[in-house]
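Data file: coords.pdb. Format and content: PDB, C-alpha atoms.
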```pdb
ATOM      1  CA  MET A  19      40.943  10.332 159.276
ATOM      2  CA  ASP A  20      38.858  11.304 156.294
ATOM      3  CA  LEU A  21      38.936   8.206 154.092
ATOM      4  CA  GLY A  22      36.943   9.952 151.402
ATOM      5  CA  ALA A  23      39.646  12.553 150.933
ATOM      6  CA  LEU A  24      42.308   9.858 150.934
ATOM      7  CA  ARG A  25      40.448   7.875 148.260
ATOM      8  CA  ALA A  26      40.125  11.015 146.162
ATOM      9  CA  ARG A  27      43.885  11.595 146.400
ATOM     10  CA  VAL A  28      44.580   7.985 145.427
ATOM     11  CA  ARG A  29      42.226   8.295 142.446
ATOM     12  CA  ASP A  30      43.861  11.562 141.390
ATOM     13  CA  ALA A  31      47.302   9.976 141.671
ATOM     14  CA  ASN A  32      46.179   6.913 139.688
ATOM     15  CA  PHE A  33      44.738   8.906 136.810
ATOM     16  CA  ALA A  34      47.739  11.259 136.784
ATOM     17  CA  THR A  35      50.264   8.409 136.874
ATOM     18  CA  HIS A  36      48.660   5.704 134.747
ATOM     19  CA  GLY A  37      46.344   7.767 132.600
ATOM     20  CA  VAL A  38      46.744   9.132 129.110
ATOM     21  CA  PRO A  39      45.268  12.455 128.008
ATOM     22  CA  VAL A  40      41.957  12.044 126.203
ATOM     23  CA  LEU A  41      39.308  14.310 124.751
ATOM     24  CA  VAL A  42      35.810  12.966 125.436
ATOM     25  CA  THR A  43      32.909  14.209 123.339
ATOM     26  CA  VAL A  44      29.407  13.150 124.243
ATOM     27  CA  LEU A  45      26.937  13.831 121.431
ATOM     28  CA  ASP A  46      25.672  17.433 121.489
ATOM     29  CA  GLU A  47      27.893  18.389 124.431
ATOM     30  CA  ASP A  48      31.162  20.280 124.756
ATOM     31  CA  PRO A  49      34.327  18.133 124.679
ATOM     32  CA  VAL A  50      35.944  17.373 128.031
ATOM     33  CA  GLU A  51      39.713  17.115 128.444
ATOM     34  CA  THR A  52      40.616  14.515 131.026
ATOM     35  CA  ASN A  53      42.815  11.497 131.624
ATOM     36  CA  GLY A  54      41.736   7.913 130.962
ATOM     37  CA  ILE A  55      43.339   4.687 132.111
ATOM     38  CA  TRP A  56      43.570   1.791 129.686
ATOM     39  CA  LEU A  57      42.907  -1.500 131.424
ATOM     40  CA  THR A  58      44.960  -4.467 130.300
ATOM     41  CA  ALA A  59      43.506  -5.443 126.933
ATOM     42  CA  THR A  60      42.155  -8.955 126.610
ATOM     43  CA  THR A  61      42.040 -11.161 123.545
ATOM     44  CA  GLU A  62      38.749 -12.861 122.791
ATOM     45  CA  ASP A  63      37.488 -15.218 120.115
ATOM     46  CA  MET A  64      34.354 -13.922 118.453
ATOM     47  CA  PRO A  65      31.565 -14.718 117.713
ATOM     48  CA  SER A  66      31.658 -16.722 120.920
ATOM     49  CA  LEU A  67      29.223 -19.430 119.803
ATOM     50  CA  MET A  68      30.996 -20.523 116.611
ATOM     51  CA  GLU A  69      33.946 -22.800 115.889
ATOM     52  CA  PHE A  70      35.256 -20.404 113.246
ATOM     53  CA  GLN A  71      36.183 -17.171 115.002
ATOM     54  CA  ARG A  72      38.067 -13.924 114.780
ATOM     55  CA  ARG A  73      40.620 -13.283 117.501
ATOM     56  CA  GLU A  74      40.059  -9.720 118.626
ATOM     57  CA  VAL A  75      41.417  -7.302 121.197
ATOM     58  CA  ARG A  76      38.843  -6.006 123.674
ATOM     59  CA  ARG A  77      39.798  -2.519 124.862
ATOM     60  CA  ILE A  78      38.450  -0.925 128.014
ATOM     61  CA  LEU A  79      39.114   2.632 129.156
ATOM     62  CA  ALA A  80      38.394   3.973 132.653
ATOM     63  CA  LEU A  81      37.145   7.563 132.943
ATOM     64  CA  ARG A  82      36.577   9.668 136.068
ATOM     65  CA  ARG A  83      32.907  10.194 136.791
ATOM     66  CA  ASP A  84      33.486  13.606 138.394
ATOM     67  CA  GLU A  85      34.876  14.877 135.082
ATOM     68  CA  VAL A  86      32.818  12.776 132.670
ATOM     69  CA  PRO A  87      29.589  11.884 134.472
ATOM     70  CA  SER A  88      27.847  10.368 131.459
ATOM     71  CA  VAL A  89      29.443   8.252 128.702
ATOM     72  CA  PRO A  90      26.657   6.901 126.500
ATOM     73  CA  LYS A  91      27.223   4.574 123.551
ATOM     74  CA  GLY A  92      28.526   6.539 120.589
ATOM     75  CA  THR A  93      30.647   8.922 122.669
ATOM     76  CA  ILE A  94      33.823   9.815 120.780
ATOM     77  CA  ILE A  95      37.155   9.661 122.598
ATOM     78  CA  VAL A  96      40.381  10.933 121.060
ATOM     79  CA  GLY A  97      43.605   9.854 122.692
ATOM     80  CA  PRO A  98      46.648   7.603 122.384
ATOM     81  CA  GLU A  99      46.584   3.861 122.997
ATOM     82  CA  SER A 100      49.623   4.255 125.237
ATOM     83  CA  ALA A 101      51.420   7.178 126.879
ATOM     84  CA  GLY A 102      53.234   9.255 124.288
ATOM     85  CA  GLY A 103      51.568   7.522 121.358
ATOM     86  CA  GLU A 104      49.681   9.066 118.485
ATOM     87  CA  ASP A 105      46.124  10.174 119.050
ATOM     88  CA  ARG A 106      43.495   7.809 117.707
ATOM     89  CA  ARG A 107      39.757   8.166 117.497
ATOM     90  CA  TRP A 108      37.662   5.715 119.521
ATOM     91  CA  VAL A 109      33.937   5.222 119.882
ATOM     92  CA  VAL A 110      32.228   3.921 123.013
ATOM     93  CA  ASP A 111      30.591   0.606 122.126
ATOM     94  CA  GLY A 112      29.228  -0.290 125.560
ATOM     95  CA  ILE A 113      29.773  -0.173 129.284
ATOM     96  CA  ASP A 114      31.959  -2.728 131.020
ATOM     97  CA  ARG A 115      31.100  -1.574 134.540
ATOM     98  CA  GLN A 116      30.517   1.518 136.614
ATOM     99  CA  GLU A 117      31.921   2.210 140.073
ATOM    100  CA  ALA A 118      31.484   5.103 142.481
ATOM    101  CA  ASP A 119      34.309   7.165 141.041
ATOM    102  CA  HIS A 120      34.858   5.872 137.506
ATOM    103  CA  THR A 121      33.209   4.260 134.508
ATOM    104  CA  ARG A 122      34.860   1.577 132.417
ATOM    105  CA  VAL A 123      33.798   1.844 128.805
ATOM    106  CA  ILE A 124      34.326  -0.667 125.994
ATOM    107  CA  VAL A 125      35.689   1.096 122.922
ATOM    108  CA  LEU A 126      36.274   0.340 119.262
ATOM    109  CA  LEU A 127      38.404   2.195 116.785
ATOM    110  CA  ALA A 128      36.220   4.733 115.011
ATOM    111  CA  VAL A 129      36.494   5.946 111.426
ATOM    112  CA  GLU A 130      39.596   8.163 111.421
TER     113      GLU A 130
ATOM    114  CA  MET B  29      41.335 -44.506  90.038
ATOM    115  CA  ALA B  30      38.773 -41.739  90.355
ATOM    116  CA  ASP B  31      38.552 -39.799  93.586
ATOM    117  CA  ALA B  32      35.885 -40.895  96.024
ATOM    118  CA  ARG B  33      32.425 -39.458  95.475
ATOM    119  CA  ARG B  34      32.482 -37.455  98.694
ATOM    120  CA  GLN B  35      35.915 -36.030  97.872
ATOM    121  CA  GLN B  36      34.673 -34.935  94.455
ATOM    122  CA  PHE B  37      31.599 -33.401  96.051
ATOM    123  CA  LEU B  38      33.688 -31.451  98.597
ATOM    124  CA  GLU B  39      36.014 -30.200  95.855
ATOM    125  CA  MET B  40      33.005 -28.975  93.874
ATOM    126  CA  LEU B  41      31.539 -27.325  96.971
ATOM    127  CA  LEU B  42      34.875 -25.645  97.637
ATOM    128  CA  ALA B  43      35.033 -24.328  94.075
ATOM    129  CA  ARG B  44      31.532 -22.901  94.360
ATOM    130  CA  LEU B  45      32.370 -21.107  97.599
ATOM    131  CA  GLU B  46      35.674 -19.809  96.229
ATOM    132  CA  ALA B  47      33.725 -18.186  93.405
ATOM    133  CA  ILE B  48      32.172 -15.723  95.876
ATOM    134  CA  THR B  49      33.867 -12.515  94.814
ATOM    135  CA  GLN B  50      32.533  -9.177  93.749
ATOM    136  CA  ALA B  51      34.287  -9.668  90.417
ATOM    137  CA  ASN B  52      32.015 -12.699  89.862
ATOM    138  CA  GLY B  53      28.882 -10.692  90.584
ATOM    139  CA  PHE B  54      28.499 -11.465  94.269
ATOM    140  CA  THR B  55      28.026  -8.839  96.970
ATOM    141  CA  THR B  56      31.065  -9.828  99.043
ATOM    142  CA  ASP B  57      34.564 -11.234  98.593
ATOM    143  CA  ALA B  58      34.030 -13.930 101.220
ATOM    144  CA  GLY B  59      35.238 -16.598  98.768
ATOM    145  CA  GLU B  60      38.786 -15.256  98.712
ATOM    146  CA  HIS B  61      39.547 -17.158 101.914
ATOM    147  CA  VAL B  62      37.825 -20.540 102.197
ATOM    148  CA  TYR B  63      39.030 -23.223 104.604
ATOM    149  CA  LEU B  64      37.909 -26.836 104.373
ATOM    150  CA  GLY B  65      38.173 -28.957 107.510
ATOM    151  CA  PHE B  66      40.084 -26.241 109.306
ATOM    152  CA  ALA B  67      38.737 -23.314 111.298
ATOM    153  CA  PRO B  68      41.687 -21.015 112.012
ATOM    154  CA  ALA B  69      41.493 -18.191 114.527
ATOM    155  CA  VAL B  70      41.976 -15.269 112.182
ATOM    156  CA  GLY B  71      43.145 -11.930 113.527
ATOM    157  CA  PRO B  72      42.972  -8.225 112.827
ATOM    158  CA  ASP B  73      45.601  -8.476 110.074
ATOM    159  CA  ASP B  74      43.640 -11.112 108.145
ATOM    160  CA  ALA B  75      40.970 -10.520 105.530
ATOM    161  CA  PRO B  76      37.724  -9.123 106.955
ATOM    162  CA  GLN B  77      35.633 -11.983 105.566
ATOM    163  CA  ALA B  78      36.283 -15.693 105.411
ATOM    164  CA  ILE B  79      34.493 -19.020 105.173
ATOM    165  CA  ALA B  80      35.187 -22.353 106.858
ATOM    166  CA  VAL B  81      33.550 -25.606 105.804
ATOM    167  CA  ILE B  82      33.114 -28.103 108.634
ATOM    168  CA  VAL B  83      32.353 -31.662 107.556
ATOM    169  CA  GLY B  84      30.352 -33.628 110.111
ATOM    170  CA  ASP B  85      29.821 -37.336 110.757
ATOM    171  CA  ASP B  86      27.762 -38.922 108.052
ATOM    172  CA  GLU B  87      24.398 -40.506 108.803
ATOM    173  CA  PRO B  88      24.138 -44.007 107.290
ATOM    174  CA  GLY B  89      20.762 -44.911 105.825
ATOM    175  CA  TYR B  90      19.702 -47.790 103.601
ATOM    176  CA  GLN B  91      22.265 -50.560 103.239
ATOM    177  CA  GLY B  92      21.623 -53.120 100.522
ATOM    178  CA  GLU B  93      23.509 -53.476  97.271
ATOM    179  CA  ASN B  94      24.617 -49.917  97.892
ATOM    180  CA  VAL B  95      25.198 -47.840 100.988
ATOM    181  CA  SER B  96      23.240 -44.616 101.320
ATOM    182  CA  TYR B  97      24.119 -41.836 103.711
ATOM    183  CA  ARG B  98      23.671 -38.116 104.340
ATOM    184  CA  LEU B  99      26.820 -36.093 104.826
ATOM    185  CA  PRO B 100      26.260 -33.015 107.019
ATOM    186  CA  ILE B 101      28.271 -29.948 106.090
ATOM    187  CA  GLU B 102      28.288 -26.679 107.972
ATOM    188  CA  VAL B 103      29.376 -23.610 106.040
ATOM    189  CA  GLN B 104      30.503 -21.042 108.589
ATOM    190  CA  ALA B 105      31.327 -17.452 107.680
ATOM    191  CA  ILE B 106      32.717 -14.612 109.749
ATOM    192  CA  ALA B 107      33.244 -10.958 108.996
ATOM    193  CA  ALA B 108      34.671  -7.894 110.653
ATOM    194  CA  VAL B 109      32.085  -5.163 110.387
ATOM    195  CA  PRO B 110      33.709  -1.981 109.054
ATOM    196  CA  ALA B 111      33.931   1.077 111.305
ATOM    197  CA  GLY B 112      30.904   3.247 110.753
ATOM    198  CA  GLN B 113      28.601   0.262 110.077
ATOM    199  CA  GLN B 114      28.870  -1.324 113.493
ATOM    200  CA  ASP B 115      25.390  -0.367 114.620
ATOM    201  CA  GLN B 116      23.852  -2.260 111.678
ATOM    202  CA  PRO B 117      26.050  -5.351 111.377
ATOM    203  CA  TRP B 118      23.124  -7.370 110.068
ATOM    204  CA  LEU B 119      23.642  -5.929 106.618
ATOM    205  CA  THR B 120      27.048  -7.621 106.519
ATOM    206  CA  VAL B 121      25.601 -10.930 107.730
ATOM    207  CA  GLU B 122      22.749 -10.964 105.240
ATOM    208  CA  ALA B 123      25.044 -10.107 102.334
ATOM    209  CA  MET B 124      27.276 -13.095 103.113
ATOM    210  CA  LEU B 125      24.306 -15.377 103.673
ATOM    211  CA  ARG B 126      22.821 -14.509 100.299
ATOM    212  CA  ASP B 127      26.162 -15.028  98.582
ATOM    213  CA  ILE B 128      26.676 -18.461 100.162
ATOM    214  CA  LYS B 129      23.199 -19.680  99.221
ATOM    215  CA  ARG B 130      23.554 -18.382  95.669
ATOM    216  CA  ALA B 131      26.980 -19.907  95.206
ATOM    217  CA  VAL B 132      26.180 -23.311  96.680
ATOM    218  CA  GLU B 133      22.617 -23.863  95.519
ATOM    219  CA  LYS B 134      22.127 -22.088  92.225
ATOM    220  CA  PRO B 135      24.320 -24.099  89.824
ATOM    221  CA  ASP B 136      22.540 -27.394  90.558
ATOM    222  CA  ARG B 137      21.432 -29.318  93.608
ATOM    223  CA  LYS B 138      22.795 -32.652  92.344
ATOM    224  CA  PHE B 139      26.352 -31.387  91.973
ATOM    225  CA  GLY B 140      26.735 -32.871  88.521
ATOM    226  CA  GLY B 141      25.186 -36.196  89.599
ATOM    227  CA  LEU B 142      27.482 -36.731  92.593
ATOM    228  CA  LEU B 143      24.519 -36.382  94.949
ATOM    229  CA  ASN B 144      22.583 -39.319  93.596
ATOM    230  CA  VAL B 145      19.826 -39.741  96.172
ATOM    231  CA  GLY B 146      16.521 -37.863  96.118
ATOM    232  CA  ARG B 147      16.628 -34.327  94.783
ATOM    233  CA  GLY B 148      20.216 -33.772  95.811
ATOM    234  CA  LEU B 149      21.470 -31.185  98.279
ATOM    235  CA  GLU B 150      19.239 -30.431 101.267
ATOM    236  CA  ARG B 151      19.425 -27.287 103.362
ATOM    237  CA  GLY B 152      19.331 -27.470 107.160
ATOM    238  CA  PRO B 153      19.164 -24.638 109.681
ATOM    239  CA  THR B 154      20.701 -21.218 109.178
ATOM    240  CA  ARG B 155      22.225 -19.626 112.259
ATOM    241  CA  THR B 156      23.239 -15.984 112.582
ATOM    242  CA  LEU B 157      25.348 -14.572 115.396
ATOM    243  CA  PRO B 158      25.163 -10.883 116.299
ATOM    244  CA  ARG B 159      28.057  -8.590 117.052
ATOM    245  CA  GLU B 160      28.948  -8.336 120.724
ATOM    246  CA  ALA B 161      30.057  -5.098 122.447
ATOM    247  CA  GLY B 162      33.737  -4.419 121.882
ATOM    248  CA  SER B 163      33.918  -6.838 118.976
ATOM    249  CA  THR B 164      33.691  -6.182 115.258
ATOM    250  CA  ALA B 165      32.928  -9.811 114.395
ATOM    251  CA  VAL B 166      29.665 -11.229 113.150
ATOM    252  CA  GLY B 167      29.080 -14.765 112.019
ATOM    253  CA  LEU B 168      26.665 -17.113 110.384
ATOM    254  CA  SER B 169      26.386 -20.735 109.457
ATOM    255  CA  VAL B 170      24.320 -22.683 106.994
ATOM    256  CA  THR B 171      24.015 -26.432 107.399
ATOM    257  CA  TYR B 172      23.634 -28.619 104.335
ATOM    258  CA  PHE B 173      23.071 -32.338 103.954
ATOM    259  CA  ALA B 174      24.534 -34.145 100.977
ATOM    260  CA  PRO B 175      22.707 -37.423 100.296
ATOM    261  CA  MET B 176      24.844 -39.971  98.497
ATOM    262  CA  SER B 177      24.815 -43.630  97.612
ATOM    263  CA  GLU B 178      27.864 -45.698  96.807
ATOM    264  CA  ALA B 179      28.604 -49.317  95.997
ATOM    265  CA  TRP B 180      30.306 -51.420  98.628
ATOM    266  CA  GLY B 181      34.033 -50.902  98.425
ATOM    267  CA  GLU B 182      33.657 -48.230  95.749
ATOM    268  CA  PRO B 183      33.414 -44.952  97.576
TER     269      PRO B 183
END
```
Representation of the structure as structure tokens:
Amino acid sequence: MDLGALRARVRDANFATHGVPVLVTVLDEDPVETNGIWLTATTEDMPSLMEFQRREVRRILALRRDEVPSVPKGTIIVGPESAGGEDRRWVVDGIDRQEADHTRVIVLLAVE
Amino acid sequence: MADARRQQFLEMLLARLEAITQANGFTTDAGEHVYLGFAPAVGPDDAPQAIAVIVGDDEPGYQGENVSYRLPIEVQAIAAVPAGQQDQPWLTVEAMLRDIKRAVEKPDRKFGGLLNVGRGLERGPTRTLPREAGSTAVGLSVTYFAPMSEAWGEP
């Protein structure tokens, strides 16, 4: 049994089922239409080393590496925060982690 | 009966910090939300800038006819860096830092005679905290020491 093909089908099914449509624009490159999966947002108190803090939502979006191989800081992503929602403009603020088939990027709301 | 010296000092410090508004000639409006002895976890629907004053344990010094001590006070400030300025959040930090020092120190170091030991208010370390990925928040703190002397039983 070809596990690679099976994994690819699972990934395709995941992005098709759980993903939302997004338009990813890396600086100086053509925009790429793909699907991204929002991971469960976490709430964090920042700055982490102070008593007085802002409680903020940390948003992470997973993108397929075969469709978006490079997602540097500053990449603009347009898409809804949940399926069927209004498009919003996000900017990649850092990388959470990268795996063989997808990259998880940390995003912030960009100037809209 | 008059309020205790340290209470009067803290009220004056609070008033100075609350004066930090652009309408008063400062760079920021950080003084619109000042908390004393309370550091709430503010959220995305709260004002982008705020200040909390944390009063520490005093440090007793000379004890004779009077009691002398230094009261440590940490002025903490946080801000949400606006979209579009998030790659240079230091500008937001430095603007608040300048405003806090101007507001607290410029009127007079003795706080109208309430700080009656030495030259009055002393400044301790300044700490700045950078923005972390995925967060819009930056922070800073300035520690001050308020030297005071009071008669026994007459705080």
- Message: Taking all atoms listed in the file into account, find every residue of chain A that has an atom no more than 10 Å from chain B, and write it out as a VMD selection string.
- Response: chain A and resid 62 to 78 92 109 to 114 123 to 130
- Would you mind reading off the distance between CA of Leu21 in chain A and CA of Phe33 in chain A, one decimal, in Å?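 Atom-to-atom, CA of Leu21 in chain A to CA of Phe33 in chain A, that is 18.2 Å.
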- Using only C-alpha atoms, determine which residues lie at most 10 Å from Val38 in chain A, disregarding the query and same-chain residues fewer than 6 positions distant; provide the list as a count of residues only. 12
- Message: List the spatial neighbours of Gly148 in chain B as a PyMOL selection string - criterion: any atom at most 12 Å away, all atoms listed in the file, same-chain residues fewer than 5 positions off excluded.
- Response: chain B and resi 37+97-99+133+136-143+172-177
- Message: Would you compute the distance between CA of Ala23 in chain A and CA of Pro87 in chain A? Give it in Å to one decimal.
- Response: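 Between CA of Ala23 in chain A and CA of Pro87 in chain A the gap is 19.3 Å.
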Need to verify the contact set: Glu39 in chain B, 12 Å, all atoms listed in the file, exclusion of same-chain residues closer than 4 positions in sequence. Can you return it as a PDB file with C-alpha atoms, keeping the file's coordinate frame?
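So around.pdb came out as:
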```pdb
ATOM      1  CA  ASP B  31      38.552 -39.799  93.586  1.00  0.00           C
ATOM      2  CA  ALA B  32      35.885 -40.895  96.024  1.00  0.00           C
ATOM      3  CA  ARG B  33      32.425 -39.458  95.475  1.00  0.00           C
ATOM      4  CA  ARG B  34      32.482 -37.455  98.694  1.00  0.00           C
ATOM      5  CA  GLN B  35      35.915 -36.030  97.872  1.00  0.00           C
ATOM      6  CA  ALA B  43      35.033 -24.328  94.075  1.00  0.00           C
ATOM      7  CA  ARG B  44      31.532 -22.901  94.360  1.00  0.00           C
ATOM      8  CA  LEU B  45      32.370 -21.107  97.599  1.00  0.00           C
ATOM      9  CA  GLU B  46      35.674 -19.809  96.229  1.00  0.00           C
ATOM     10  CA  VAL B  62      37.825 -20.540 102.197  1.00  0.00           C
ATOM     11  CA  TYR B  63      39.030 -23.223 104.604  1.00  0.00           C
ATOM     12  CA  LEU B  64      37.909 -26.836 104.373  1.00  0.00           C
ATOM     13  CA  GLY B  65      38.173 -28.957 107.510  1.00  0.00           C
ATOM     14  CA  VAL B  81      33.550 -25.606 105.804  1.00  0.00           C
ATOM     15  CA  PHE B 139      26.352 -31.387  91.973  1.00  0.00           C
ATOM     16  CA  LEU B 142      27.482 -36.731  92.593  1.00  0.00           C
TER      17      LEU B 142
END
```
- Which distance in Å separates CA of Gly152 in chain B and CA of Ala75 in chain B, to one decimal?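 That distance, rounded to one decimal, is 27.5 Å.
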- Task: Check what the PyMOL selection byres ((chain A and resi 43) around 10) selects in the file above and give those residues as a PyMOL selection string.
- Result: chain A and resi 40-42+44-51+86+89+92-96+109
- Task: Give as an NGL selection string the set of residues within 10 Å of the point (21.3, -15.8, 95.8), where distances use the file's coordinates and all atoms listed in the file.
- Result: :B and (54-55 or 123-134)
- Query: Leaving out Arg29 in chain A and any residue of its chain fewer than 4 positions from it, which residues lie within 12 Å of it when counting all atoms listed in the file, given as a VMD selection string?
  - Reply: chain A and resid 22 to 25 33 to 37 53 to 55 80 to 84 118 to 120
Please complete range 94-119 of chain A so it has N, CA and C atoms, and hand it over as a tab-separated table (two decimals), in the coordinates of the input.
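Written file, part.tsv:
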```
chain	number	residue	atom	x	y	z
A	94	ILE	N	32.54	9.85	121.48
A	94	ILE	CA	33.82	9.82	120.78
A	94	ILE	C	34.94	10.19	121.75
A	95	ILE	N	35.99	9.40	121.75
A	95	ILE	CA	37.16	9.66	122.60
A	95	ILE	C	38.39	9.73	121.69
A	96	VAL	N	39.13	10.80	121.83
A	96	VAL	CA	40.38	10.93	121.06
A	96	VAL	C	41.55	10.88	122.04
A	97	GLY	N	42.45	9.97	121.80
A	97	GLY	CA	43.60	9.85	122.69
A	97	GLY	C	44.50	8.72	122.24
A	98	PRO	N	45.71	8.66	122.79
A	98	PRO	CA	46.65	7.60	122.38
A	98	PRO	C	46.33	6.27	123.06
A	99	GLU	N	46.80	5.19	122.42
A	99	GLU	CA	46.58	3.86	123.00
A	99	GLU	C	47.57	3.61	124.14
A	100	SER	N	48.67	4.34	124.13
A	100	SER	CA	49.62	4.26	125.24
A	100	SER	C	50.26	5.63	125.42
A	101	ALA	N	50.85	5.86	126.58
A	101	ALA	CA	51.42	7.18	126.88
A	101	ALA	C	52.44	7.57	125.81
A	102	GLY	N	52.30	8.76	125.29
A	102	GLY	CA	53.23	9.26	124.29
A	102	GLY	C	52.93	8.83	122.88
A	103	GLY	N	51.91	8.00	122.70
A	103	GLY	CA	51.57	7.52	121.36
A	103	GLY	C	50.76	8.55	120.58
A	104	GLU	N	50.48	8.17	119.33
A	104	GLU	CA	49.68	9.07	118.48
A	104	GLU	C	48.22	9.02	118.89
A	105	ASP	N	47.56	10.15	118.77
A	105	ASP	CA	46.12	10.17	119.05
A	105	ASP	C	45.36	9.31	118.05
A	106	ARG	N	44.39	8.58	118.57
A	106	ARG	CA	43.50	7.81	117.71
A	106	ARG	C	42.07	8.14	118.12
A	107	ARG	N	41.16	7.82	117.25
A	107	ARG	CA	39.76	8.17	117.50
A	107	ARG	C	39.01	6.88	117.87
A	108	TRP	N	38.38	6.88	119.02
A	108	TRP	CA	37.66	5.72	119.52
A	108	TRP	C	36.18	6.05	119.67
A	109	VAL	N	35.37	5.02	119.63
A	109	VAL	CA	33.94	5.22	119.88
A	109	VAL	C	33.51	4.25	120.99
A	110	VAL	N	32.71	4.77	121.91
A	110	VAL	CA	32.23	3.92	123.01
A	110	VAL	C	31.20	2.94	122.46
A	111	ASP	N	31.45	1.65	122.68
A	111	ASP	CA	30.59	0.61	122.13
A	111	ASP	C	29.74	-0.04	123.21
A	112	GLY	N	30.00	0.29	124.46
A	112	GLY	CA	29.23	-0.29	125.56
A	112	GLY	C	29.91	0.00	126.88
A	113	ILE	N	29.24	-0.39	127.94
A	113	ILE	CA	29.77	-0.17	129.28
A	113	ILE	C	30.25	-1.51	129.85
A	114	ASP	N	31.47	-1.53	130.35
A	114	ASP	CA	31.96	-2.73	131.02
A	114	ASP	C	31.44	-2.76	132.45
A	115	ARG	N	31.67	-1.70	133.20
A	115	ARG	CA	31.10	-1.57	134.54
A	115	ARG	C	31.24	-0.14	135.03
A	116	GLN	N	30.44	0.18	136.05
A	116	GLN	CA	30.52	1.52	136.61
A	116	GLN	C	30.74	1.41	138.12
A	117	GLU	N	31.67	2.19	138.64
A	117	GLU	CA	31.92	2.21	140.07
A	117	GLU	C	31.67	3.62	140.59
A	118	ALA	N	31.84	3.82	141.87
A	118	ALA	CA	31.48	5.10	142.48
A	118	ALA	C	32.25	6.26	141.85
A	119	ASP	N	33.51	6.03	141.51
A	119	ASP	CA	34.31	7.16	141.04
A	119	ASP	C	34.72	7.07	139.58
```
